[in-house]
$ cat final38.cif   # mmCIF, C-alpha atoms and all ligand atoms
data_final
loop_
_atom_site.label_atom_id
_atom_site.label_comp_id
_atom_site.auth_asym_id
_atom_site.auth_seq_id
_atom_site.Cartn_x
_atom_site.Cartn_y
_atom_site.Cartn_z
CA MET A 5 4.80 -59.88 52.34
CA ALA A 6 6.53 -58.59 49.21
CA TYR A 7 6.57 -54.89 48.27
CA GLU A 8 7.86 -52.85 45.37
CA TYR A 9 9.83 -49.96 46.82
CA LYS A 10 7.93 -47.37 44.78
CA GLU A 11 4.64 -48.38 46.41
CA LEU A 12 6.27 -47.63 49.79
CA GLY A 13 7.11 -44.09 48.59
CA LEU A 14 10.85 -44.83 48.52
CA SER A 15 13.39 -43.65 45.92
CA ASN A 16 16.49 -45.30 44.54
CA THR A 17 19.76 -43.34 44.83
CA ARG A 18 20.29 -42.35 41.18
CA GLU A 19 18.78 -38.84 41.20
CA MET A 20 19.89 -38.25 44.80
CA PHE A 21 23.54 -38.81 43.85
CA LYS A 22 23.33 -36.81 40.63
CA LYS A 23 22.05 -33.76 42.54
CA ALA A 24 24.55 -34.27 45.37
CA ASN A 25 27.53 -34.38 43.00
CA LEU A 26 26.30 -31.35 41.04
CA GLU A 27 25.59 -29.27 44.13
CA GLY A 28 28.65 -30.31 46.18
CA TYR A 29 27.23 -32.18 49.16
CA ALA A 30 27.00 -35.83 50.29
CA VAL A 31 23.82 -37.75 51.12
CA PRO A 32 23.76 -39.08 54.70
CA ALA A 33 23.46 -42.86 54.92
CA PHE A 34 22.41 -43.60 58.49
CA ASN A 35 21.92 -47.14 59.83
CA PHE A 36 18.83 -48.03 61.83
CA ASN A 37 17.76 -51.12 63.78
CA ASN A 38 14.50 -50.00 65.42
CA MET A 39 11.68 -47.46 65.31
CA GLU A 40 13.39 -44.95 67.59
CA GLN A 41 16.54 -44.75 65.45
CA MET A 42 14.41 -44.49 62.29
CA LEU A 43 12.41 -41.59 63.78
CA ALA A 44 15.56 -39.79 64.96
CA ILE A 45 17.02 -40.04 61.44
CA VAL A 46 13.96 -39.06 59.44
CA GLU A 47 12.97 -36.17 61.71
CA ALA A 48 16.53 -34.78 61.67
CA CYS A 49 16.66 -34.98 57.87
CA ALA A 50 13.12 -33.63 57.31
CA GLU A 51 13.79 -30.67 59.63
CA MET A 52 17.05 -29.92 57.78
CA GLY A 53 15.70 -30.55 54.24
CA SER A 54 18.35 -33.25 53.66
CA PRO A 55 17.87 -36.33 51.46
CA VAL A 56 18.51 -39.53 53.37
CA ILE A 57 19.48 -43.14 52.85
CA LEU A 58 18.07 -45.36 55.59
CA GLN A 59 20.33 -48.36 55.67
CA CYS A 60 20.20 -51.78 57.31
CA SER A 61 22.72 -54.59 57.49
CA MET A 62 21.39 -58.15 57.14
CA GLY A 63 21.82 -58.30 60.92
CA ALA A 64 19.44 -55.34 61.26
CA VAL A 65 16.89 -56.95 58.89
CA LYS A 66 17.08 -60.13 60.97
CA TYR A 67 16.62 -58.12 64.19
CA MET A 68 13.57 -56.12 63.02
CA GLY A 69 12.16 -58.92 60.86
CA LYS A 70 11.46 -58.97 57.12
CA GLU A 71 7.82 -58.05 57.77
CA ILE A 72 8.62 -54.94 59.84
CA THR A 73 11.70 -53.49 58.08
CA PRO A 74 9.99 -52.17 54.90
CA LEU A 75 7.03 -50.85 56.90
CA LEU A 76 9.34 -48.82 59.13
CA ALA A 77 10.83 -47.30 55.96
CA LYS A 78 7.31 -46.54 54.67
CA GLY A 79 6.61 -44.98 58.06
CA ALA A 80 9.68 -42.78 57.60
CA VAL A 81 8.37 -41.51 54.25
CA ASP A 82 4.92 -40.87 55.70
CA ARG A 83 6.41 -39.06 58.71
CA ALA A 84 8.51 -36.78 56.47
CA ARG A 85 5.46 -35.94 54.33
CA ALA A 86 3.30 -35.31 57.42
CA MET A 87 6.01 -32.88 58.56
CA GLY A 88 5.65 -31.03 55.23
CA SER A 89 9.01 -32.10 53.79
CA ASP A 90 9.63 -33.55 50.31
CA ILE A 91 13.03 -35.17 50.99
CA PRO A 92 13.71 -38.34 48.99
CA ILE A 93 14.24 -41.44 51.15
CA ALA A 94 16.00 -44.65 50.07
CA LEU A 95 16.00 -48.00 51.89
CA HIS A 96 19.45 -49.51 51.32
CA LEU A 97 20.98 -52.89 52.14
CA ASP A 98 24.33 -52.22 53.85
CA HIS A 99 27.14 -54.73 53.22
CA GLY A 100 25.04 -57.31 51.39
CA PRO A 101 27.14 -60.47 51.53
CA THR A 102 25.60 -62.52 48.66
CA LEU A 103 23.33 -62.34 45.61
CA ASP A 104 20.69 -64.20 47.65
CA SER A 105 20.70 -61.52 50.38
CA VAL A 106 20.24 -58.88 47.66
CA LYS A 107 17.32 -60.78 46.12
CA GLU A 108 15.68 -61.16 49.53
CA CYS A 109 15.91 -57.43 50.26
CA ILE A 110 14.66 -56.33 46.83
CA GLU A 111 11.72 -58.70 47.30
CA ILE A 112 10.69 -56.95 50.54
CA GLY A 113 10.98 -53.39 49.22
CA PHE A 114 14.60 -52.16 49.32
CA SER A 115 15.31 -49.45 46.74
CA SER A 116 19.09 -49.76 46.79
CA VAL A 117 21.61 -52.45 47.69
CA MET A 118 25.30 -52.86 48.39
CA ILE A 119 27.11 -56.00 47.35
CA ASP A 120 30.23 -56.27 49.45
CA ALA A 121 32.59 -58.57 47.58
CA SER A 122 35.62 -56.43 48.44
CA HIS A 123 37.32 -59.27 50.33
CA HIS A 124 37.30 -61.45 47.17
CA SER A 125 39.86 -61.19 44.35
CA PHE A 126 39.44 -58.31 41.85
CA ASP A 127 37.99 -60.69 39.23
CA GLU A 128 35.60 -62.38 41.67
CA ASN A 129 34.50 -58.97 42.95
CA ILE A 130 33.73 -57.89 39.36
CA LYS A 131 31.85 -61.14 38.64
CA LEU A 132 29.59 -61.00 41.71
CA SER A 133 29.01 -57.22 41.52
CA LYS A 134 28.02 -57.54 37.84
CA GLU A 135 25.56 -60.34 38.64
CA VAL A 136 23.97 -58.16 41.31
CA VAL A 137 23.74 -55.17 38.94
CA GLU A 138 22.08 -57.31 36.24
CA TYR A 139 19.52 -58.57 38.76
CA ALA A 140 18.85 -55.30 40.63
CA HIS A 141 18.53 -53.08 37.55
CA LYS A 142 15.59 -55.18 36.36
CA PHE A 143 13.71 -53.70 39.35
CA ASP A 144 15.22 -50.18 38.99
CA VAL A 145 17.14 -50.79 42.24
CA THR A 146 20.54 -49.06 42.40
CA VAL A 147 23.74 -50.90 43.33
CA GLU A 148 26.82 -49.96 45.35
CA ALA A 149 29.94 -52.14 45.31
CA GLU A 150 33.26 -51.79 47.14
CA LEU A 151 36.84 -51.83 45.94
CA GLY A 152 39.56 -51.98 48.59
CA VAL A 153 39.12 -53.28 52.14
CA LEU A 154 38.40 -51.33 55.32
CA ALA A 155 40.02 -52.30 58.59
CA GLY A 156 37.64 -53.29 61.40
CA ILE A 157 34.66 -55.54 61.57
CA GLU A 158 32.07 -55.44 58.82
CA ASP A 159 28.86 -57.45 58.98
CA GLU A 160 29.90 -61.00 58.13
CA VAL A 161 33.17 -59.65 56.78
CA SER A 162 36.21 -58.85 58.89
CA SER A 163 39.59 -57.41 58.09
CA GLU A 164 42.56 -56.60 60.33
CA HIS A 165 44.30 -54.23 57.91
CA HIS A 166 43.46 -51.59 55.35
CA LEU A 167 43.87 -52.37 51.69
CA PHE A 168 43.53 -48.93 50.14
CA THR A 169 41.66 -48.73 46.85
CA GLU A 170 43.99 -48.80 43.86
CA PRO A 171 43.03 -45.84 41.60
CA SER A 172 44.32 -47.65 38.51
CA GLU A 173 41.57 -50.29 38.97
CA VAL A 174 38.46 -48.11 39.31
CA ILE A 175 37.65 -47.45 35.65
CA GLU A 176 37.82 -51.15 34.75
CA PHE A 177 35.74 -52.08 37.82
CA VAL A 178 32.98 -49.54 37.18
CA SER A 179 32.75 -50.18 33.44
CA LYS A 180 32.77 -53.98 33.73
CA THR A 181 30.21 -54.14 36.56
CA GLY A 182 27.87 -51.24 35.70
CA VAL A 183 27.53 -50.28 39.39
CA ASP A 184 25.79 -47.01 40.26
CA SER A 185 28.21 -46.01 43.03
CA LEU A 186 31.57 -47.15 44.36
CA ALA A 187 32.70 -47.48 47.98
CA ILE A 188 36.43 -46.92 48.38
CA ALA A 189 38.97 -47.50 51.15
CA ILE A 190 41.04 -44.42 52.02
CA GLY A 191 41.65 -44.96 55.74
CA THR A 192 38.18 -44.96 57.27
CA SER A 193 37.09 -48.03 59.24
CA HIS A 194 34.05 -49.36 61.06
CA GLY A 195 33.31 -49.00 64.76
CA ALA A 196 34.44 -46.68 67.56
CA HIS A 197 38.21 -47.35 67.39
CA LYS A 198 39.41 -46.10 64.03
CA PHE A 199 42.86 -44.89 65.09
CA LYS A 200 45.16 -45.75 67.96
CA PRO A 201 45.73 -43.07 70.64
CA GLY A 202 48.58 -40.83 69.42
CA GLU A 203 47.99 -41.69 65.73
CA ASP A 204 47.25 -38.85 63.29
CA PRO A 205 43.57 -39.34 62.26
CA LYS A 206 44.17 -38.59 58.59
CA LEU A 207 42.51 -40.03 55.48
CA ARG A 208 44.33 -40.69 52.19
CA LEU A 209 42.66 -37.76 50.44
CA ASP A 210 45.32 -38.04 47.73
CA ILE A 211 43.82 -41.42 46.71
CA LEU A 212 40.32 -39.90 46.69
CA LYS A 213 41.57 -37.11 44.37
CA GLU A 214 43.15 -39.64 42.00
CA ILE A 215 39.90 -41.64 41.88
CA GLU A 216 37.83 -38.51 41.27
CA LYS A 217 40.09 -37.63 38.33
CA LYS A 218 39.50 -41.06 36.81
CA LEU A 219 35.73 -41.06 37.48
CA PRO A 220 34.55 -37.44 37.21
CA GLN A 221 31.03 -36.88 38.63
CA PHE A 222 30.74 -40.59 39.56
CA PRO A 223 29.18 -41.16 43.02
CA ILE A 224 31.87 -42.23 45.50
CA VAL A 225 30.89 -43.72 48.88
CA LEU A 226 32.75 -43.59 52.18
CA HIS A 227 32.02 -46.22 54.83
CA GLY A 228 33.23 -46.13 58.42
CA SER A 229 32.95 -42.36 58.68
CA SER A 230 31.70 -41.75 62.22
CA GLU A 231 33.42 -38.94 64.09
CA VAL A 232 33.06 -40.68 67.48
CA PRO A 233 32.56 -37.42 69.45
CA ALA A 234 34.55 -37.31 72.70
CA TYR A 235 31.47 -35.66 74.22
CA TYR A 236 29.45 -38.88 73.88
CA ALA A 237 32.31 -41.17 74.92
CA ASP A 238 32.68 -39.03 78.08
CA MET A 239 28.92 -39.03 78.70
CA ILE A 240 28.74 -42.82 78.34
CA ARG A 241 31.59 -43.23 80.85
CA GLU A 242 30.12 -40.63 83.22
CA TYR A 243 26.87 -42.60 83.41
CA GLY A 244 28.41 -46.02 83.98
CA GLY A 245 29.46 -47.26 80.53
CA GLU A 246 32.87 -48.55 79.49
CA LEU A 247 34.45 -47.05 76.40
CA SER A 248 38.14 -46.25 76.20
CA GLY A 249 40.46 -45.11 73.42
CA ALA A 250 37.58 -44.39 71.04
CA ILE A 251 38.71 -42.22 68.08
CA GLY A 252 36.84 -41.36 64.86
CA ILE A 253 37.27 -39.37 61.65
CA PRO A 254 37.46 -35.56 62.12
CA ALA A 255 34.68 -33.67 60.33
CA SER A 256 37.33 -31.56 58.52
CA GLU A 257 38.69 -34.70 56.78
CA LEU A 258 35.23 -35.62 55.47
CA ARG A 259 33.91 -32.17 54.52
CA GLY A 260 36.29 -31.73 51.56
CA GLY A 261 35.27 -35.11 50.12
CA ALA A 262 31.59 -34.28 50.46
CA LYS A 263 32.15 -31.08 48.43
CA SER A 264 33.62 -33.07 45.53
CA GLY A 265 32.92 -36.64 44.32
CA VAL A 266 31.79 -38.24 47.59
CA ALA A 267 28.01 -38.61 47.20
CA LYS A 268 27.26 -40.89 50.20
CA ILE A 269 28.82 -41.07 53.66
CA ASN A 270 27.93 -43.94 56.01
CA VAL A 271 27.42 -43.32 59.71
CA ASP A 272 26.21 -45.86 62.25
CA THR A 273 28.49 -45.73 65.30
CA ASP A 274 27.83 -42.01 66.01
CA GLY A 275 24.09 -42.67 66.20
CA ARG A 276 24.64 -45.64 68.50
CA LEU A 277 26.86 -43.56 70.78
CA ALA A 278 24.48 -40.59 70.95
CA PHE A 279 21.49 -42.86 71.57
CA THR A 280 23.28 -44.86 74.27
CA ALA A 281 24.55 -41.71 75.98
CA GLY A 282 21.00 -40.32 76.13
CA VAL A 283 19.56 -43.55 77.53
CA ARG A 284 22.36 -44.00 80.07
CA LYS A 285 21.97 -40.45 81.32
CA ILE A 286 18.25 -40.69 82.00
CA LEU A 287 18.47 -44.13 83.59
CA ALA A 288 21.32 -42.97 85.84
CA THR A 289 19.74 -39.65 86.81
CA LYS A 290 16.14 -40.89 87.10
CA PRO A 291 16.50 -44.30 88.75
CA LYS A 292 12.75 -44.55 89.35
CA GLU A 293 11.97 -44.35 85.61
CA PHE A 294 10.79 -47.58 84.02
CA ASP A 295 8.61 -46.39 81.14
CA PRO A 296 10.54 -47.34 77.96
CA ARG A 297 8.95 -44.39 76.13
CA LYS A 298 10.73 -42.01 78.51
CA TYR A 299 14.23 -43.42 78.30
CA LEU A 300 14.06 -44.37 74.62
CA ALA A 301 12.80 -40.88 73.77
CA ALA A 302 15.88 -39.47 75.53
CA GLY A 303 18.13 -41.60 73.27
CA MET A 304 16.12 -40.61 70.21
CA GLU A 305 16.35 -36.86 70.98
CA GLU A 306 20.12 -37.06 71.53
CA MET A 307 20.61 -38.92 68.23
CA LYS A 308 18.32 -36.55 66.33
CA SER A 309 19.97 -33.37 67.56
CA TYR A 310 23.46 -34.73 66.86
CA TYR A 311 22.53 -35.76 63.31
CA LYS A 312 21.10 -32.28 62.66
CA THR A 313 24.50 -30.72 63.43
CA LYS A 314 26.29 -33.38 61.38
CA ILE A 315 24.15 -32.65 58.31
CA VAL A 316 25.65 -29.14 58.34
CA ASP A 317 29.21 -29.87 59.55
CA VAL A 318 29.93 -32.99 57.48
CA PHE A 319 27.40 -33.61 54.71
CA GLY A 320 26.51 -30.03 53.66
CA SER A 321 23.14 -31.46 52.55
CA GLU A 322 20.89 -29.05 54.46
CA SER A 323 18.20 -27.25 52.44
CA ALA A 324 18.75 -29.45 49.35
CA TYR A 325 14.97 -30.14 49.57
CA LYS A 326 12.00 -28.59 51.33
CA LYS A 327 12.39 -28.42 55.10
CA SER A 328 9.58 -29.54 57.34
CA ASN A 329 7.20 -26.80 58.43
CA LYS A 330 6.16 -28.54 61.65
O1 LIG A 401 29.02 -51.50 58.63
C1 LIG A 401 28.29 -52.05 59.44
C2 LIG A 401 27.19 -51.33 60.12
O2 LIG A 401 27.69 -50.49 61.13
C3 LIG A 401 26.13 -52.28 60.58
O3 LIG A 401 26.51 -52.98 61.72
O4 LIG A 401 26.20 -55.43 61.31
O5 LIG A 401 26.09 -54.47 63.62
O6 LIG A 401 24.25 -54.06 61.99
P1 LIG A 401 25.71 -54.32 62.19
P1 LIG A 402 30.78 -46.29 61.34
O1 LIG A 402 31.06 -47.51 62.17
O2 LIG A 402 32.00 -45.42 61.24
O3 LIG A 402 29.60 -45.54 61.78
O4 LIG A 402 30.50 -46.80 59.82
C1 LIG A 402 29.23 -47.28 59.47
C2 LIG A 402 29.25 -47.90 58.12
O5 LIG A 402 30.16 -47.80 57.32
C3 LIG A 402 28.05 -48.70 57.75
O6 LIG A 402 28.20 -49.33 56.52
ZN ZN A 403 30.18 -49.97 56.10
#
$ encode --input "final38.cif" --output "structure tokens"
Amino acid sequence: MAYEYKELGLSNTREMFKKANLEGYAVPAFNFNNMEQMLAIVEACAEMGSPVILQCSMGAVKYMGKEITPLLAKGAVDRARAMGSDIPIALHLDHGPTLDSVKECIEIGFSSVMIDASHHSFDENIKLSKEVVEYAHKFDVTVEAELGVLAGIEDEVSSEHHLFTEPSEVIEFVSKTGVDSLAIAIGTSHGAHKFKPGEDPKLRLDILKEIEKKLPQFPIVLHGSSEVPAYYADMIREYGGELSGAIGIPASELRGGAKSGVAKINVDTDGRLAFTAGVRKILATKPKEFDPRKYLAAGMEEMKSYYKTKIVDVFGSESAYKKSNK
């Protein structure tokens, strides 16, 4: 079934980013793969009055199915409205690998897409990103592209080392492609192991500043920005999981960026950790429990309450819109 995103009640990211840059906060972009994660995200954001980008990798779309994914996003909009909140909600393709993947997602109701051609040459990246912009803008769908390469595993893209974004390239990239937002590499990376034990978990905020000078008020995106709270790593271990040497990005490193040009910050791992910790705890402490609603609700509650604190500590996006009254 094909949908236009506007009929699902979704928004693209254009106005969201304009307001975020003007008012000095970043929009949370949280990944989801199922109904429980979607509910945790939308309820946290509606209760805080924060705009939200619900994002899915192609792997997530494959997992939920093309028929279900847009309807879960519609469900998120309906849930926020039923809670009395007017937050805008986007459905965004995370790390789209090809023009075909972008077309497929726009066809089923995505309001925003990322084309991740950052592992190609500069010229190839420009060519593919421009093609995506020309296609997506016909449907009023906004486009994110990436310049520079993050270490860690991306969906269908993997890189061992960082290739920080070169500030001297950003003006040419943005003007030649026409993208609506730009993801940059300044030392963040995907997954739960962003730094080695003993390493100083610092971002190259000097590169971010240089880029902001070249692209004033342009929406900058940070991927790989989970904090990986020790609290959840400990909880996962305490209840039988294995997770060692997990280190994320300190909130203090991200908060400054969110106050200036960073309009979107991507978080997936933190939600996975909180959810898993909640599920592990209930299964370990209530061994007789076998109703999925009980143990999945425990994961959902943990993820929701953690995201509510993160909206204040990292994004600064609380009260940007009407909070829920229920
Ligand atoms: O950046 C990648 C996201 O965390 C999505 O991960 O490909 O496992 O869905 P995934
Ligand atoms: P984390 O793995 O740090 O949560 O990053 C998620 C991300 O960048 C999704 O695109
Ligand atoms: Zn990412």
$ atom_distance --input "final38.cif" --atom1 "CA of Val174 (chain A)" --atom2 "CA of Pro254 (chain A)"
26.1 Å
$ residues_near_point --input "final38.cif" --point "(39.6, -47.1, 71.1)" --cutoff "9 Å" --atoms "all atoms listed in the file" --output "PyMOL selection string"
chain A and resi 196-201+247-252
$ atom_distance --input "final38.cif" --atom1 "CA of Met39 (chain A)" --atom2 "CA of Asp144 (chain A)"
26.7 Å
$ closest_residue --input "final38.cif" --among "A:Ser105, A:Ser179, A:Ser133, A:Thr192" --to "Leu212 (chain A)" --atoms "only C-alpha atoms"
A:Thr192
$ residues_near_ligand --input "final38.cif" --ligand "ligand LIG 402 (chain A)" --cutoff "9 Å" --atoms "all atoms listed in the file" --output "MDAnalysis selection string"
chainID A and resid 33:35 59:61 98:99 156:159 192:198 226:232 252:253 269:276
$ axis_aligned_box --input "final38.cif" --around "ligand LIG 401 (chain A)" --padding-each-side "5 Å" --output "lines of an AutoDock Vina configuration file"
center_x = 26.6
center_y = -53.0
center_z = 61.1
size_x = 14.8
size_y = 14.9
size_z = 15.0
$ closest_residue --input "final38.cif" --among "A:Asp120, A:Glu11, A:Glu305, A:Glu138" --to "ligand LIG 401 (chain A)" --atoms "all atoms listed in the file"
A:Asp120
$ closest_residue --input "final38.cif" --among "A:Val56, A:Leu12, A:Ala48, A:Ala288" --to "Lys78 (chain A)" --atoms "all atoms listed in the file"
A:Leu12
$ closest_residue --input "final38.cif" --among "A:Ala30, A:Ala187, A:Met20, A:Ile130" --to "ligand LIG 401 (chain A)" --atoms "all atoms listed in the file"
A:Ala187
$ atom_distance --input "final38.cif" --atom1 "CA of Ala155 (chain A)" --atom2 "CA of Arg259 (chain A)"
21.4 Å
$ closest_residue --input "final38.cif" --among "A:Met118, A:Leu76, A:Leu300, A:Leu26" --to "ligand ZN 403 (chain A)" --atoms "all atoms listed in the file"
A:Met118
$ closest_residue --input "final38.cif" --among "A:Lys180, A:Arg83, A:His141, A:Lys312" --to "Leu43 (chain A)" --atoms "all atoms listed in the file"
A:Arg83
$ residues_around --input "final38.cif" --residues "Leu103 (chain A)" --least-positions-apart "3" --cutoff "9 Å" --atoms "all atoms listed in the file" --output "list of chain:residue names"
A:Gly100, A:Val106, A:Lys107, A:Glu108, A:Ile119, A:Leu132, A:Ser133, A:Glu135, A:Val136, A:Tyr139
$ residues_around --input "final38.cif" --residues "Asp317 (chain A)" --least-positions-apart "2" --cutoff "12 Å" --atoms "all atoms listed in the file" --output "PDB file with C-alpha atoms, in the frame of the given file"
ATOM      1  CA  TYR A  29      27.230 -32.180  49.160  1.00  0.00           C
ATOM      2  CA  ALA A  30      27.000 -35.830  50.290  1.00  0.00           C
ATOM      3  CA  PRO A  32      23.760 -39.080  54.700  1.00  0.00           C
ATOM      4  CA  GLU A 231      33.420 -38.940  64.090  1.00  0.00           C
ATOM      5  CA  PRO A 254      37.460 -35.560  62.120  1.00  0.00           C
ATOM      6  CA  ALA A 255      34.680 -33.670  60.330  1.00  0.00           C
ATOM      7  CA  SER A 256      37.330 -31.560  58.520  1.00  0.00           C
ATOM      8  CA  GLU A 257      38.690 -34.700  56.780  1.00  0.00           C
ATOM      9  CA  LEU A 258      35.230 -35.620  55.470  1.00  0.00           C
ATOM     10  CA  ARG A 259      33.910 -32.170  54.520  1.00  0.00           C
ATOM     11  CA  GLY A 260      36.290 -31.730  51.560  1.00  0.00           C
ATOM     12  CA  ALA A 262      31.590 -34.280  50.460  1.00  0.00           C
ATOM     13  CA  LYS A 263      32.150 -31.080  48.430  1.00  0.00           C
ATOM     14  CA  TYR A 310      23.460 -34.730  66.860  1.00  0.00           C
ATOM     15  CA  TYR A 311      22.530 -35.760  63.310  1.00  0.00           C
ATOM     16  CA  LYS A 312      21.100 -32.280  62.660  1.00  0.00           C
ATOM     17  CA  THR A 313      24.500 -30.720  63.430  1.00  0.00           C
ATOM     18  CA  LYS A 314      26.290 -33.380  61.380  1.00  0.00           C
ATOM     19  CA  ILE A 315      24.150 -32.650  58.310  1.00  0.00           C
ATOM     20  CA  PHE A 319      27.400 -33.610  54.710  1.00  0.00           C
ATOM     21  CA  GLY A 320      26.510 -30.030  53.660  1.00  0.00           C
ATOM     22  CA  SER A 321      23.140 -31.460  52.550  1.00  0.00           C
ATOM     23  CA  GLU A 322      20.890 -29.050  54.460  1.00  0.00           C
TER      24      GLU A 322
END
$ residues_around --input "final38.cif" --residues "Ala237 (chain A)" --least-positions-apart "3" --cutoff "9 Å" --atoms "all atoms listed in the file" --output "list in words"
Val232, Pro233, Ala234, Ile240, Arg241, Glu242, Gly245, Glu246, Leu247, Ser248, Ala250, Leu277, Ala278 and Ala281 of chain A
$ residues_around --input "final38.cif" --residues "Asp90 (chain A)" --least-positions-apart "6" --cutoff "9 Å" --atoms "all atoms listed in the file" --output "ChimeraX atom specification"
/A:50,53,55,81,84,325-328
$ decode --input "final38.cif" --residues "region 288-295 of chain A" --atoms "all heavy atoms" --output "CSV table (one decimal), in the first residue's frame"
chain,number,residue,atom,x,y,z
A,288,ALA,N,14.6,-11.7,34.9
A,288,ALA,CA,15.5,-12.4,35.9
A,288,ALA,C,14.8,-12.3,37.3
A,288,ALA,O,14.9,-13.3,38.1
A,288,ALA,CB,16.8,-11.6,36.0
A,289,THR,N,14.0,-11.3,37.6
A,289,THR,CA,13.5,-11.2,38.9
A,289,THR,C,12.1,-11.8,39.0
A,289,THR,O,11.6,-12.0,40.1
A,289,THR,CB,13.4,-9.7,39.4
A,289,THR,OG1,12.7,-8.9,38.4
A,289,THR,CG2,14.8,-9.1,39.6
A,290,LYS,N,11.4,-12.0,37.9
A,290,LYS,CA,10.1,-12.6,37.9
A,290,LYS,C,10.1,-13.8,36.9
A,290,LYS,O,9.5,-13.8,35.8
A,290,LYS,CB,9.0,-11.6,37.5
A,290,LYS,CG,8.9,-10.4,38.4
A,290,LYS,CD,7.5,-9.9,38.4
A,290,LYS,CE,7.4,-8.9,39.6
A,290,LYS,NZ,6.9,-7.6,39.3
A,291,PRO,N,10.8,-14.9,37.3
A,291,PRO,CA,11.0,-16.0,36.4
A,291,PRO,C,9.7,-16.7,36.0
A,291,PRO,O,9.7,-17.5,35.0
A,291,PRO,CB,11.9,-17.0,37.2
A,291,PRO,CG,11.9,-16.5,38.6
A,291,PRO,CD,11.5,-15.1,38.6
A,292,LYS,N,8.6,-16.5,36.7
A,292,LYS,CA,7.4,-17.1,36.3
A,292,LYS,C,6.6,-16.3,35.2
A,292,LYS,O,5.6,-16.8,34.7
A,292,LYS,CB,6.5,-17.3,37.5
A,292,LYS,CG,7.0,-18.3,38.5
A,292,LYS,CD,6.0,-18.7,39.6
A,292,LYS,CE,6.6,-19.7,40.5
A,292,LYS,NZ,6.2,-19.5,41.9
A,293,GLU,N,7.1,-15.1,34.9
A,293,GLU,CA,6.4,-14.3,34.0
A,293,GLU,C,6.6,-14.8,32.5
A,293,GLU,O,7.7,-15.0,32.1
A,293,GLU,CB,6.9,-12.8,34.1
A,293,GLU,CG,6.2,-11.8,33.3
A,293,GLU,CD,4.7,-11.8,33.7
A,293,GLU,OE1,4.3,-11.4,34.8
A,293,GLU,OE2,3.9,-12.4,32.9
A,294,PHE,N,5.5,-15.0,31.8
A,294,PHE,CA,5.6,-15.3,30.4
A,294,PHE,C,4.7,-14.5,29.5
A,294,PHE,O,4.5,-14.9,28.4
A,294,PHE,CB,5.6,-16.8,30.2
A,294,PHE,CG,4.3,-17.5,30.6
A,294,PHE,CD1,3.2,-17.5,29.7
A,294,PHE,CD2,4.1,-18.0,31.8
A,294,PHE,CE1,2.0,-18.1,30.0
A,294,PHE,CE2,2.9,-18.6,32.2
A,294,PHE,CZ,1.8,-18.6,31.3
A,295,ASP,N,4.0,-13.5,30.1
A,295,ASP,CA,3.2,-12.6,29.3
A,295,ASP,C,4.0,-11.6,28.6
A,295,ASP,O,4.6,-10.7,29.3
A,295,ASP,CB,2.1,-12.0,30.2
A,295,ASP,CG,1.1,-11.1,29.4
A,295,ASP,OD1,1.4,-10.8,28.2
A,295,ASP,OD2,0.1,-10.8,30.0
